[in-house]
>>> print(open('data_33.pdb').read())   # PDB, C-alpha atoms
ATOM      1  CA  MET E   1     -52.936  38.260  -5.843
ATOM      2  CA  ARG E   2     -52.185  34.584  -6.149
ATOM      3  CA  GLN E   3     -49.215  35.353  -8.408
ATOM      4  CA  LYS E   4     -47.762  37.748  -5.820
ATOM      5  CA  TYR E   5     -48.141  35.083  -3.142
ATOM      6  CA  GLN E   6     -46.300  32.553  -5.270
ATOM      7  CA  VAL E   7     -43.472  35.021  -5.923
ATOM      8  CA  ARG E   8     -43.167  35.777  -2.204
ATOM      9  CA  ARG E   9     -43.189  32.076  -1.407
ATOM     10  CA  LEU E  10     -40.457  31.440  -3.972
ATOM     11  CA  LEU E  11     -38.342  34.284  -2.598
ATOM     12  CA  GLY E  12     -38.858  32.928   0.906
ATOM     13  CA  CYS E  13     -37.702  29.462  -0.143
ATOM     14  CA  ILE E  14     -34.636  30.935  -1.826
ATOM     15  CA  ALA E  15     -33.803  32.954   1.280
ATOM     16  CA  LEU E  16     -34.281  29.892   3.487
ATOM     17  CA  SER E  17     -32.038  27.815   1.208
ATOM     18  CA  CYS E  18     -29.324  30.462   1.248
ATOM     19  CA  TRP E  19     -29.513  30.620   5.037
ATOM     20  CA  ALA E  20     -29.281  26.805   5.270
ATOM     21  CA  ILE E  21     -26.239  26.723   2.963
ATOM     22  CA  SER E  22     -24.598  29.511   4.954
ATOM     23  CA  ALA E  23     -25.370  27.780   8.261
ATOM     24  CA  PHE E  24     -23.989  24.479   6.923
ATOM     25  CA  ALA E  25     -20.808  26.154   5.719
ATOM     26  CA  GLN E  26     -20.307  27.672   9.160
ATOM     27  CA  THR E  27     -20.536  24.212  10.764
ATOM     28  CA  LEU E  28     -17.607  22.946   8.683
ATOM     29  CA  GLU E  29     -14.551  23.271  10.854
ATOM     30  CA  PRO E  30     -11.440  24.638   9.148
ATOM     31  CA  TRP E  31      -9.043  21.847   8.228
ATOM     32  CA  PRO E  32      -6.246  21.352   8.990
ATOM     33  CA  THR E  33      -5.608  23.496  12.061
ATOM     34  CA  LYS E  34      -3.093  21.181  13.779
ATOM     35  CA  SER E  35      -0.580  18.458  13.028
ATOM     36  CA  ILE E  36      -1.612  15.342  11.118
ATOM     37  CA  THR E  37      -0.368  11.835  11.937
ATOM     38  CA  MET E  38       0.511   9.601   8.993
ATOM     39  CA  VAL E  39       0.534   6.010  10.221
ATOM     40  CA  VAL E  40       2.993   3.776   8.375
ATOM     41  CA  PRO E  41       2.060   0.249   9.518
ATOM     42  CA  PHE E  42       5.589  -1.129   9.150
ATOM     43  CA  PRO E  43       9.021  -0.398  10.657
ATOM     44  CA  PRO E  44      11.379   2.106   8.987
ATOM     45  CA  GLY E  45      13.225   0.825   5.932
ATOM     46  CA  GLY E  46      10.368  -0.697   3.957
ATOM     47  CA  VAL E  47       8.408   0.419   0.911
ATOM     48  CA  ALA E  48       5.602   2.153   2.824
ATOM     49  CA  ASP E  49       8.156   4.127   4.821
ATOM     50  CA  ALA E  50      10.201   4.987   1.717
ATOM     51  CA  VAL E  51       7.086   6.439   0.075
ATOM     52  CA  GLY E  52       5.423   7.822   3.187
ATOM     53  CA  ARG E  53       8.245  10.050   4.431
ATOM     54  CA  PRO E  54       8.782  12.168   1.294
ATOM     55  CA  VAL E  55       4.999  12.393   0.776
ATOM     56  CA  ALA E  56       4.510  13.478   4.410
ATOM     57  CA  GLU E  57       7.155  16.171   4.007
ATOM     58  CA  ALA E  58       5.435  17.491   0.877
ATOM     59  CA  LEU E  59       1.981  17.406   2.485
ATOM     60  CA  SER E  60       3.384  19.411   5.404
ATOM     61  CA  ARG E  61       4.381  22.183   3.015
ATOM     62  CA  ILE E  62       1.162  22.031   0.979
ATOM     63  CA  LEU E  63      -1.241  21.923   3.951
ATOM     64  CA  VAL E  64       0.908  24.277   6.085
ATOM     65  CA  GLN E  65       0.668  21.885   9.041
ATOM     66  CA  PRO E  66       3.139  19.223  10.208
ATOM     67  CA  VAL E  67       2.447  15.721   8.880
ATOM     68  CA  ILE E  68       4.228  13.410  11.298
ATOM     69  CA  VAL E  69       5.091   9.832  10.317
ATOM     70  CA  GLU E  70       4.333   7.253  12.996
ATOM     71  CA  ASN E  71       5.629   3.730  12.353
ATOM     72  CA  LYS E  72       3.117   1.360  13.950
ATOM     73  CA  ALA E  73       4.265  -2.139  12.986
ATOM     74  CA  GLY E  74       2.928  -5.610  13.653
ATOM     75  CA  ALA E  75       0.702  -8.350  12.222
ATOM     76  CA  GLY E  76       1.918  -7.769   8.658
ATOM     77  CA  GLY E  77       0.683  -4.174   8.809
ATOM     78  CA  GLY E  78      -2.650  -5.087  10.372
ATOM     79  CA  ILE E  79      -2.091  -3.294  13.678
ATOM     80  CA  GLY E  80      -1.381   0.089  12.096
ATOM     81  CA  MET E  81      -4.106  -0.288   9.478
ATOM     82  CA  ALA E  82      -6.695  -1.221  12.114
ATOM     83  CA  SER E  83      -5.697   1.746  14.277
ATOM     84  CA  VAL E  84      -6.495   4.143  11.426
ATOM     85  CA  ALA E  85      -9.671   2.303  10.405
ATOM     86  CA  LYS E  86     -10.983   2.746  13.947
ATOM     87  CA  SER E  87      -9.659   6.280  14.505
ATOM     88  CA  LYS E  88     -11.715   9.479  14.633
ATOM     89  CA  PRO E  89     -12.676  10.423  11.041
ATOM     90  CA  ASP E  90     -11.483  14.025  11.269
ATOM     91  CA  GLY E  91      -8.586  13.977   8.790
ATOM     92  CA  TYR E  92      -5.914  14.130  11.471
ATOM     93  CA  THR E  93      -5.027  10.430  11.243
ATOM     94  CA  ILE E  94      -4.151   9.127   7.785
ATOM     95  CA  LEU E  95      -2.639   5.874   6.559
ATOM     96  CA  MET E  96       0.119   5.098   4.074
ATOM     97  CA  ALA E  97      -0.610   1.460   3.316
ATOM     98  CA  LEU E  98       0.727  -1.211   1.016
ATOM     99  CA  SER E  99      -1.281  -3.697  -1.020
ATOM    100  CA  SER E 100      -1.370  -5.980   2.039
ATOM    101  CA  ILE E 101      -4.370  -3.902   3.082
ATOM    102  CA  SER E 102      -6.307  -5.898   0.463
ATOM    103  CA  ILE E 103      -5.134  -9.179   1.986
ATOM    104  CA  ILE E 104      -5.373  -8.914   5.767
ATOM    105  CA  PRO E 105      -9.173  -9.007   6.257
ATOM    106  CA  GLU E 106      -9.457 -12.183   4.164
ATOM    107  CA  ALA E 107      -6.420 -13.678   5.914
ATOM    108  CA  ASP E 108      -8.124 -13.100   9.262
ATOM    109  CA  LYS E 109     -11.072 -15.180   8.035
ATOM    110  CA  VAL E 110      -8.840 -17.980   6.727
ATOM    111  CA  VAL E 111      -6.889 -18.178   9.986
ATOM    112  CA  GLY E 112     -10.100 -18.044  12.039
ATOM    113  CA  ARG E 113      -9.265 -14.984  14.088
ATOM    114  CA  GLU E 114     -11.337 -11.889  14.728
ATOM    115  CA  GLN E 115     -11.026  -9.396  11.874
ATOM    116  CA  SER E 116      -8.747  -6.515  12.843
ATOM    117  CA  PHE E 117     -10.545  -4.242  10.379
ATOM    118  CA  GLN E 118     -12.748  -4.396   7.301
ATOM    119  CA  LEU E 119     -12.047  -2.807   3.932
ATOM    120  CA  ASN E 120     -15.178  -0.638   4.080
ATOM    121  CA  GLN E 121     -13.786   1.092   7.167
ATOM    122  CA  LEU E 122     -11.199   2.843   5.006
ATOM    123  CA  LYS E 123     -11.506   5.268   2.110
ATOM    124  CA  PRO E 124      -8.789   5.508  -0.595
ATOM    125  CA  ILE E 125      -7.336   8.951  -1.289
ATOM    126  CA  ALA E 126      -4.482   8.360  -3.735
ATOM    127  CA  ARG E 127      -2.096   5.700  -4.995
ATOM    128  CA  PHE E 128       1.516   6.852  -5.342
ATOM    129  CA  THR E 129       3.493   3.820  -6.500
ATOM    130  CA  ALA E 130       2.829   0.323  -7.861
ATOM    131  CA  ASP E 131       5.780  -1.976  -8.430
ATOM    132  CA  PRO E 132       6.237  -5.725  -8.739
ATOM    133  CA  THR E 133       8.070  -7.448  -5.931
ATOM    134  CA  VAL E 134      11.594  -8.670  -6.661
ATOM    135  CA  LEU E 135      13.144 -12.018  -5.647
ATOM    136  CA  VAL E 136      16.439 -11.259  -3.912
ATOM    137  CA  VAL E 137      19.266 -13.362  -2.451
ATOM    138  CA  ARG E 138      22.602 -12.390  -0.900
ATOM    139  CA  ALA E 139      25.424 -11.611  -3.287
ATOM    140  CA  ASP E 140      27.510 -14.440  -1.779
ATOM    141  CA  SER E 141      24.759 -17.029  -2.315
ATOM    142  CA  PRO E 142      25.496 -19.891  -4.737
ATOM    143  CA  TRP E 143      22.554 -18.939  -6.992
ATOM    144  CA  LYS E 144      23.624 -16.710  -9.854
ATOM    145  CA  ASP E 145      20.255 -16.851 -11.602
ATOM    146  CA  TYR E 146      16.685 -18.003 -11.041
ATOM    147  CA  LYS E 147      17.238 -21.356 -12.769
ATOM    148  CA  ALA E 148      19.897 -22.312 -10.222
ATOM    149  CA  PHE E 149      17.743 -21.041  -7.362
ATOM    150  CA  VAL E 150      14.632 -23.050  -8.231
ATOM    151  CA  ALA E 151      16.707 -26.169  -8.897
ATOM    152  CA  ALA E 152      18.202 -25.927  -5.398
ATOM    153  CA  MET E 153      14.785 -25.393  -3.798
ATOM    154  CA  ARG E 154      13.302 -28.450  -5.528
ATOM    155  CA  ALA E 155      16.303 -30.615  -4.652
ATOM    156  CA  ASN E 156      16.315 -29.575  -0.976
ATOM    157  CA  PRO E 157      12.738 -29.153   0.308
ATOM    158  CA  GLY E 158      12.712 -27.328   3.642
ATOM    159  CA  LYS E 159      16.469 -26.711   3.743
ATOM    160  CA  TYR E 160      16.210 -23.037   2.799
ATOM    161  CA  ASN E 161      14.006 -20.261   4.109
ATOM    162  CA  PHE E 162      12.652 -16.870   3.119
ATOM    163  CA  GLY E 163      11.843 -13.783   5.182
ATOM    164  CA  SER E 164       8.768 -11.589   4.983
ATOM    165  CA  SER E 165       7.078  -8.602   6.593
ATOM    166  CA  GLY E 166       4.598 -10.955   8.290
ATOM    167  CA  ASN E 167       2.061 -13.660   7.516
ATOM    168  CA  TYR E 168       0.004 -12.871   4.387
ATOM    169  CA  GLY E 169       1.908  -9.606   3.839
ATOM    170  CA  THR E 170       3.188  -8.263   0.536
ATOM    171  CA  MET E 171       6.462 -10.151   0.960
ATOM    172  CA  HIS E 172       4.790 -13.404   1.969
ATOM    173  CA  VAL E 173       1.961 -13.785  -0.578
ATOM    174  CA  PRO E 174       4.153 -13.547  -3.724
ATOM    175  CA  MET E 175       6.517 -16.201  -2.339
ATOM    176  CA  GLU E 176       3.575 -18.506  -1.633
ATOM    177  CA  MET E 177       2.406 -17.916  -5.219
ATOM    178  CA  LEU E 178       5.885 -18.841  -6.476
ATOM    179  CA  LYS E 179       6.148 -21.953  -4.292
ATOM    180  CA  SER E 180       2.763 -23.165  -5.464
ATOM    181  CA  SER E 181       3.456 -22.487  -9.132
ATOM    182  CA  GLU E 182       6.972 -23.959  -9.143
ATOM    183  CA  LYS E 183       6.218 -26.797  -6.726
ATOM    184  CA  PHE E 184       8.976 -26.371  -4.162
ATOM    185  CA  TYR E 185       9.040 -25.842  -0.400
ATOM    186  CA  MET E 186      10.847 -23.191   1.663
ATOM    187  CA  VAL E 187      10.429 -22.357   5.345
ATOM    188  CA  HIS E 188       8.718 -19.021   5.988
ATOM    189  CA  ILE E 189      10.298 -16.683   8.575
ATOM    190  CA  PRO E 190       7.937 -13.741   9.312
ATOM    191  CA  TYR E 191       9.388 -10.436  10.568
ATOM    192  CA  THR E 192       7.582  -7.257  11.631
ATOM    193  CA  GLY E 193       8.320  -5.436   8.374
ATOM    194  CA  ALA E 194      10.432  -5.257   5.226
ATOM    195  CA  GLY E 195      13.297  -3.448   6.983
ATOM    196  CA  PRO E 196      13.914  -6.231   9.546
ATOM    197  CA  ALA E 197      13.475  -8.891   6.834
ATOM    198  CA  ILE E 198      16.154  -7.208   4.715
ATOM    199  CA  VAL E 199      18.451  -7.093   7.756
ATOM    200  CA  GLY E 200      17.738 -10.806   8.219
ATOM    201  CA  LEU E 201      18.765 -11.493   4.626
ATOM    202  CA  LEU E 202      21.954  -9.444   4.895
ATOM    203  CA  GLY E 203      22.821 -11.109   8.192
ATOM    204  CA  GLY E 204      22.331 -14.615   6.845
ATOM    205  CA  GLN E 205      19.261 -15.475   8.933
ATOM    206  CA  VAL E 206      17.182 -16.013   5.775
ATOM    207  CA  ASP E 207      18.153 -17.130   2.274
ATOM    208  CA  ALA E 208      15.793 -15.040   0.156
ATOM    209  CA  ILE E 209      13.107 -12.370   0.252
ATOM    210  CA  ALA E 210      10.556 -10.867  -2.117
ATOM    211  CA  THR E 211      10.306  -7.115  -1.701
ATOM    212  CA  GLY E 212       9.608  -3.889  -3.560
ATOM    213  CA  PRO E 213      12.385  -2.282  -5.627
ATOM    214  CA  SER E 214      12.525   0.884  -3.517
ATOM    215  CA  SER E 215      13.441  -1.009  -0.338
ATOM    216  CA  ILE E 216      16.270  -3.045  -1.897
ATOM    217  CA  VAL E 217      17.685  -1.194  -4.920
ATOM    218  CA  GLN E 218      20.451   0.509  -2.914
ATOM    219  CA  GLN E 219      21.600  -2.849  -1.521
ATOM    220  CA  ILE E 220      21.655  -4.215  -5.072
ATOM    221  CA  LYS E 221      23.724  -1.249  -6.295
ATOM    222  CA  ALA E 222      26.096  -1.738  -3.361
ATOM    223  CA  GLY E 223      26.657  -5.342  -4.435
ATOM    224  CA  LYS E 224      25.299  -6.812  -1.206
ATOM    225  CA  VAL E 225      22.359  -8.664  -2.726
ATOM    226  CA  ARG E 226      21.387 -10.090  -6.106
ATOM    227  CA  ALA E 227      17.980  -9.829  -7.809
ATOM    228  CA  LEU E 228      17.004 -13.037  -9.634
ATOM    229  CA  ALA E 229      13.535 -12.264 -11.003
ATOM    230  CA  HIS E 230      10.443 -10.163 -10.423
ATOM    231  CA  TRP E 231       6.670 -10.587 -10.368
ATOM    232  CA  GLY E 232       5.942  -7.902 -12.994
ATOM    233  CA  ASP E 233       5.107  -7.725 -16.675
ATOM    234  CA  GLY E 234       8.208  -6.716 -18.652
ATOM    235  CA  ARG E 235      11.528  -5.290 -17.491
ATOM    236  CA  LEU E 236      11.874  -2.737 -14.672
ATOM    237  CA  ALA E 237      13.505   0.592 -15.467
ATOM    238  CA  SER E 238      15.543   0.413 -12.240
ATOM    239  CA  MET E 239      16.643  -3.205 -12.896
ATOM    240  CA  PRO E 240      16.586  -3.752 -16.677
ATOM    241  CA  GLU E 241      18.789  -6.834 -16.446
ATOM    242  CA  VAL E 242      16.361  -8.702 -14.150
ATOM    243  CA  PRO E 243      13.830 -10.955 -15.952
ATOM    244  CA  SER E 244      10.184 -11.295 -14.974
ATOM    245  CA  PHE E 245       8.706 -14.650 -14.066
ATOM    246  CA  LYS E 246       6.334 -14.292 -17.022
ATOM    247  CA  GLU E 247       9.341 -14.096 -19.358
ATOM    248  CA  MET E 248      10.532 -17.409 -17.949
ATOM    249  CA  GLY E 249       7.163 -19.081 -18.372
ATOM    250  CA  VAL E 250       6.051 -18.799 -14.730
ATOM    251  CA  LYS E 251       2.583 -17.273 -14.934
ATOM    252  CA  ILE E 252       2.423 -15.239 -11.730
ATOM    253  CA  GLU E 253       2.183 -11.501 -11.107
ATOM    254  CA  PHE E 254       2.136  -9.449  -7.924
ATOM    255  CA  SER E 255       2.310  -5.693  -7.460
ATOM    256  CA  GLN E 256       3.300  -3.953  -4.248
ATOM    257  CA  TRP E 257       1.687  -0.523  -4.286
ATOM    258  CA  ALA E 258       1.648   2.289  -1.736
ATOM    259  CA  GLY E 259      -1.466   4.388  -1.236
ATOM    260  CA  LEU E 260      -3.028   6.919   1.122
ATOM    261  CA  PHE E 261      -6.220   6.166   3.092
ATOM    262  CA  VAL E 262      -8.481   7.777   5.703
ATOM    263  CA  PRO E 263     -11.314   6.384   7.850
ATOM    264  CA  SER E 264     -14.363   5.912   5.614
ATOM    265  CA  ALA E 265     -16.558   8.356   7.573
ATOM    266  CA  THR E 266     -14.150  11.264   6.993
ATOM    267  CA  PRO E 267     -16.200  14.208   5.608
ATOM    268  CA  ASP E 268     -15.933  14.895   1.892
ATOM    269  CA  TYR E 269     -14.703  18.463   2.358
ATOM    270  CA  ILE E 270     -11.671  17.056   4.210
ATOM    271  CA  THR E 271     -11.004  14.186   1.818
ATOM    272  CA  ASN E 272     -11.257  16.569  -1.140
ATOM    273  CA  LYS E 273      -8.612  18.845   0.405
ATOM    274  CA  LEU E 274      -6.427  15.842   1.107
ATOM    275  CA  ARG E 275      -6.919  14.526  -2.438
ATOM    276  CA  GLU E 276      -5.819  17.852  -3.888
ATOM    277  CA  ALA E 277      -2.817  17.973  -1.551
ATOM    278  CA  ALA E 278      -1.869  14.390  -2.471
ATOM    279  CA  LYS E 279      -2.097  15.221  -6.160
ATOM    280  CA  GLN E 280       0.237  18.182  -5.661
ATOM    281  CA  ALA E 281       2.603  15.986  -3.659
ATOM    282  CA  SER E 282       2.734  13.450  -6.502
ATOM    283  CA  THR E 283       4.135  16.108  -8.831
ATOM    284  CA  ASP E 284       6.428  17.682  -6.238
ATOM    285  CA  GLU E 285      10.043  17.659  -7.439
ATOM    286  CA  ARG E 286      11.435  16.565  -4.075
ATOM    287  CA  VAL E 287       8.970  13.675  -3.804
ATOM    288  CA  ARG E 288       9.608  12.477  -7.341
ATOM    289  CA  SER E 289      13.370  12.756  -6.890
ATOM    290  CA  VAL E 290      13.414  10.698  -3.675
ATOM    291  CA  ILE E 291      10.940   8.022  -4.794
ATOM    292  CA  ASN E 292      12.299   7.723  -8.343
ATOM    293  CA  GLY E 293      15.810   7.575  -6.921
ATOM    294  CA  ALA E 294      14.760   4.631  -4.780
ATOM    295  CA  GLY E 295      13.774   2.716  -7.899
ATOM    296  CA  SER E 296      10.021   3.101  -7.536
ATOM    297  CA  PRO E 297       8.626   5.672 -10.003
ATOM    298  CA  ILE E 298       5.430   7.556  -9.215
ATOM    299  CA  GLN E 299       2.358   5.814 -10.648
ATOM    300  CA  TYR E 300      -0.351   8.121  -9.359
ATOM    301  CA  LEU E 301      -4.061   7.359  -9.207
ATOM    302  CA  ASP E 302      -6.626   9.812  -7.828
ATOM    303  CA  ALA E 303      -9.334   8.542  -5.471
ATOM    304  CA  PRO E 304     -11.983   7.440  -8.026
ATOM    305  CA  GLU E 305      -9.507   5.503 -10.197
ATOM    306  CA  PHE E 306      -7.726   4.152  -7.144
ATOM    307  CA  LYS E 307     -11.048   2.883  -5.706
ATOM    308  CA  VAL E 308     -11.786   0.926  -8.919
ATOM    309  CA  TYR E 309      -8.236  -0.492  -8.928
ATOM    310  CA  TRP E 310      -8.418  -1.392  -5.216
ATOM    311  CA  ASP E 311     -11.815  -3.106  -5.481
ATOM    312  CA  LYS E 312     -10.609  -5.308  -8.337
ATOM    313  CA  GLU E 313      -7.334  -6.187  -6.631
ATOM    314  CA  SER E 314      -9.019  -6.931  -3.290
ATOM    315  CA  ALA E 315     -11.215  -9.525  -4.974
ATOM    316  CA  GLN E 316      -8.172 -11.133  -6.626
ATOM    317  CA  MET E 317      -6.125 -11.139  -3.412
ATOM    318  CA  GLY E 318      -9.010 -12.706  -1.519
ATOM    319  CA  GLU E 319      -9.004 -15.625  -3.955
ATOM    320  CA  ILE E 320      -5.225 -16.041  -3.612
ATOM    321  CA  VAL E 321      -5.356 -16.012   0.197
ATOM    322  CA  ARG E 322      -8.126 -18.620   0.224
ATOM    323  CA  LYS E 323      -6.008 -20.785  -2.079
ATOM    324  CA  ILE E 324      -2.951 -20.440   0.185
ATOM    325  CA  GLY E 325      -5.097 -21.442   3.155
ATOM    326  CA  LYS E 326      -4.218 -21.342   6.830
ATOM    327  CA  VAL E 327      -0.587 -20.538   7.598
ATOM    328  CA  GLU E 328       0.726 -21.115  11.112
TER     329      GLU E 328
END
>>> encode(input="data_33.pdb", output="structure tokens")
Amino acid sequence: MRQKYQVRRLLGCIALSCWAISAFAQTLEPWPTKSITMVVPFPPGGVADAVGRPVAEALSRILVQPVIVENKAGAGGGIGMASVAKSKPDGYTILMALSSISIIPEADKVVGREQSFQLNQLKPIARFTADPTVLVVRADSPWKDYKAFVAAMRANPGKYNFGSSGNYGTMHVPMEMLKSSEKFYMVHIPYTGAGPAIVGLLGGQVDAIATGPSSIVQQIKAGKVRALAHWGDGRLASMPEVPSFKEMGVKIEFSQWAGLFVPSATPDYITNKLREAAKQASTDERVRSVINGAGSPIQYLDAPEFKVYWDKESAQMGEIVRKIGKVE
């Protein structure tokens, strides 16, 4: 009798569990059922935009819903990043960010302003590219190589300037690293993104910039600008003639990567679908053709590997920002 009771109890528990699983599955809303907004926190023409647009087009095909790019620039990317961090975690607002995402929260502390967002408010989905920034000057500048450039900077402190995508952004931090290491001074001119900074360089408003290969390689090929050096380790496939700082004995490195994020509270069943879609996008022929053609080859990391990479880099960037200190 007791054995029969135990069997019935077990069967009842199994039935209850099955019902609970079924009920839970029914509460999961289908996703996606409408268009998705991909926030690019910089103006058109920069690295995030160059990566975000072909990825958004591929995700639209894979998810069978429009993925619409919205450029939301300002504060070195902080405005757009904060808007996603604080958005509804339903998968319909996603972020294509650069490595400045690792910098901004610490920069807010250093400057003494209220934090626009915190890193734990965002969840990494996938990294698509990771390239060192490149030091670029106009083709008509007097500096034919890095040796001539650094000599001029040391001999004329404050005479020359450089443009960036904003204070503590991915175009600003590497230049501050270079200035500190090489002991020279240039005036910093912050813009709202890489695109406007490049326009400033071409128009003669600034003398140099540090930017990702994908946002400048076409201008280099057109003979409008000259690359003097880069912050990587070894030669770049898209610019094999350009030396790294490490080659020249300047021990600095900086990588400008582009990765996809969602608000941290986004349900796993949504992030898993988005992860799978991002992985497919990374192997999509159109995506690879556009991004590779821009001089920034795909260097994909799935969410778990990307999280490890991001955590390590965030700690390193925090140290660098604290060393740079307050920038007006």
>>> closest_atom_pairs(input="data_33.pdb", of="range 121-188 of chain E", to="range 225-241 of chain E", cutoff="10 Å", atoms="all atoms listed in the file", output="Markdown table")
| residue | atom | partner | partner_atom | distance |
| --- | --- | --- | --- | --- |
| E:Asp131 | CA | E:Gly232 | CA | 7.5 |
| E:Pro132 | CA | E:Gly232 | CA | 4.8 |
| E:Thr133 | CA | E:Trp231 | CA | 5.6 |
| E:Val134 | CA | E:His230 | CA | 4.2 |
| E:Leu135 | CA | E:Ala229 | CA | 5.4 |
| E:Val136 | CA | E:Ala227 | CA | 4.4 |
| E:Val137 | CA | E:Arg226 | CA | 5.3 |
| E:Arg138 | CA | E:Val225 | CA | 4.2 |
| E:Ala139 | CA | E:Val225 | CA | 4.3 |
| E:Asp140 | CA | E:Val225 | CA | 7.8 |
| E:Ser141 | CA | E:Arg226 | CA | 8.6 |
| E:Trp143 | CA | E:Leu228 | CA | 8.5 |
| E:Lys144 | CA | E:Leu228 | CA | 7.6 |
| E:Asp145 | CA | E:Leu228 | CA | 5.4 |
| E:Tyr146 | CA | E:Leu228 | CA | 5.2 |
| E:Lys147 | CA | E:Leu228 | CA | 8.9 |
| E:Ala148 | CA | E:Leu228 | CA | 9.7 |
| E:Phe149 | CA | E:Leu228 | CA | 8.4 |
| E:Pro174 | CA | E:Trp231 | CA | 7.7 |
| E:Met175 | CA | E:Trp231 | CA | 9.8 |
| E:Met177 | CA | E:Trp231 | CA | 9.9 |
| E:Leu178 | CA | E:Trp231 | CA | 9.2 |
>>> closest_atom_pairs(input="data_33.pdb", of="range 209-320 of chain E", to="range 104-114 of chain E", cutoff="12 Å", atoms="only C-alpha atoms", output="Markdown table")
| residue | atom | partner | partner_atom | distance |
| --- | --- | --- | --- | --- |
| E:Ser314 | CA | E:Glu106 | CA | 9.1 |
| E:Ala315 | CA | E:Glu106 | CA | 9.7 |
| E:Gln316 | CA | E:Glu106 | CA | 10.9 |
| E:Met317 | CA | E:Glu106 | CA | 8.3 |
| E:Gly318 | CA | E:Glu106 | CA | 5.7 |
| E:Glu319 | CA | E:Glu106 | CA | 8.8 |
| E:Ile320 | CA | E:Glu106 | CA | 9.7 |
>>> closest_atom_pairs(input="data_33.pdb", of="range 159-264 of chain E", to="range 40-48 of chain E", cutoff="8 Å", atoms="only C-alpha atoms", output="tab-separated table")
residue	atom	partner	partner_atom	distance
E:Thr192	CA	E:Phe42	CA	6.9
E:Gly193	CA	E:Phe42	CA	5.2
E:Ala194	CA	E:Gly46	CA	4.7
E:Gly195	CA	E:Gly45	CA	4.4
E:Pro196	CA	E:Pro43	CA	7.7
E:Gly212	CA	E:Val47	CA	6.3
E:Ser214	CA	E:Val47	CA	6.1
E:Ser215	CA	E:Gly46	CA	5.3
E:Ala258	CA	E:Ala48	CA	6.0
>>> closest_residue(input="data_33.pdb", among="E:Val242, E:Ile189, E:Ala152, E:Val39", to="Ser83 in chain E", atoms="only C-alpha atoms")
E:Val39
>>> closest_residue(input="data_33.pdb", among="E:Val250, E:Ala75, E:Ile101, E:Leu301", to="Ala126 in chain E", atoms="all atoms listed in the file")
E:Leu301
>>> residues_around(input="data_33.pdb", residues="Glu285 in chain E", least_positions_apart="5", cutoff="12 Å", atoms="all atoms listed in the file", output="number ranges by chain")
E: 54-55, 57-58, 280, 290-293, 298
>>> resolve_selection(input="data_33.pdb", expression="the PyMOL selection byres ((chain E and resi 304) around 12)", output="PyMOL selection string")
chain E and resi 123-127+271-272+275+300-303+305-311
>>> closest_residue(input="data_33.pdb", among="E:Pro263, E:Gly166, E:Pro30, E:Gly52", to="Ser282 in chain E", atoms="only C-alpha atoms")
E:Gly52
>>> atom_distance(input="data_33.pdb", atom1="CA of Arg53 in chain E", atom2="CA of Glu29 in chain E")
27.1 Å
>>> atom_distance(input="data_33.pdb", atom1="CA of Asn167 in chain E", atom2="CA of Pro297 in chain E")
26.9 Å
>>> atom_distance(input="data_33.pdb", atom1="CA of Val187 in chain E", atom2="CA of Phe162 in chain E")
6.3 Å
>>> residues_around(input="data_33.pdb", residues="Pro89 in chain E", least_positions_apart="4", cutoff="10 Å", atoms="all atoms listed in the file", output="PDB file with C-alpha atoms, in the coordinates of the input")
ATOM      1  CA  VAL E  84      -6.495   4.143  11.426  1.00  0.00           C
ATOM      2  CA  ALA E  85      -9.671   2.303  10.405  1.00  0.00           C
ATOM      3  CA  THR E  93      -5.027  10.430  11.243  1.00  0.00           C
ATOM      4  CA  ILE E  94      -4.151   9.127   7.785  1.00  0.00           C
ATOM      5  CA  LEU E 122     -11.199   2.843   5.006  1.00  0.00           C
ATOM      6  CA  VAL E 262      -8.481   7.777   5.703  1.00  0.00           C
ATOM      7  CA  PRO E 263     -11.314   6.384   7.850  1.00  0.00           C
ATOM      8  CA  SER E 264     -14.363   5.912   5.614  1.00  0.00           C
ATOM      9  CA  ALA E 265     -16.558   8.356   7.573  1.00  0.00           C
ATOM     10  CA  THR E 266     -14.150  11.264   6.993  1.00  0.00           C
ATOM     11  CA  PRO E 267     -16.200  14.208   5.608  1.00  0.00           C
ATOM     12  CA  ILE E 270     -11.671  17.056   4.210  1.00  0.00           C
TER      13      ILE E 270
END
>>> closest_residue(input="data_33.pdb", among="E:Lys224, E:Lys34, E:Lys179, E:Arg286", to="Val199 in chain E", atoms="all atoms listed in the file")
E:Lys224
>>> closest_residue(input="data_33.pdb", among="E:Phe128, E:Gly91, E:Asp268, E:Lys312", to="Gln299 in chain E", atoms="all atoms listed in the file")
E:Phe128
>>> resolve_selection(input="data_33.pdb", expression="the PyMOL selection byres ((chain E and resi 37) around 6)", output="list in words")
Ile36, Met38, Val67, Ile68 and Thr93 of chain E
>>> closest_residue(input="data_33.pdb", among="E:Val173, E:Ile252, E:Leu201, E:Val217", to="Gly325 in chain E", atoms="all atoms listed in the file")
E:Val173
>>> residues_around(input="data_33.pdb", residues="Leu59 in chain E", least_positions_apart="5", cutoff="7 Å", atoms="only C-alpha atoms", output="PyMOL selection string")
chain E and resi 67+277-278+281
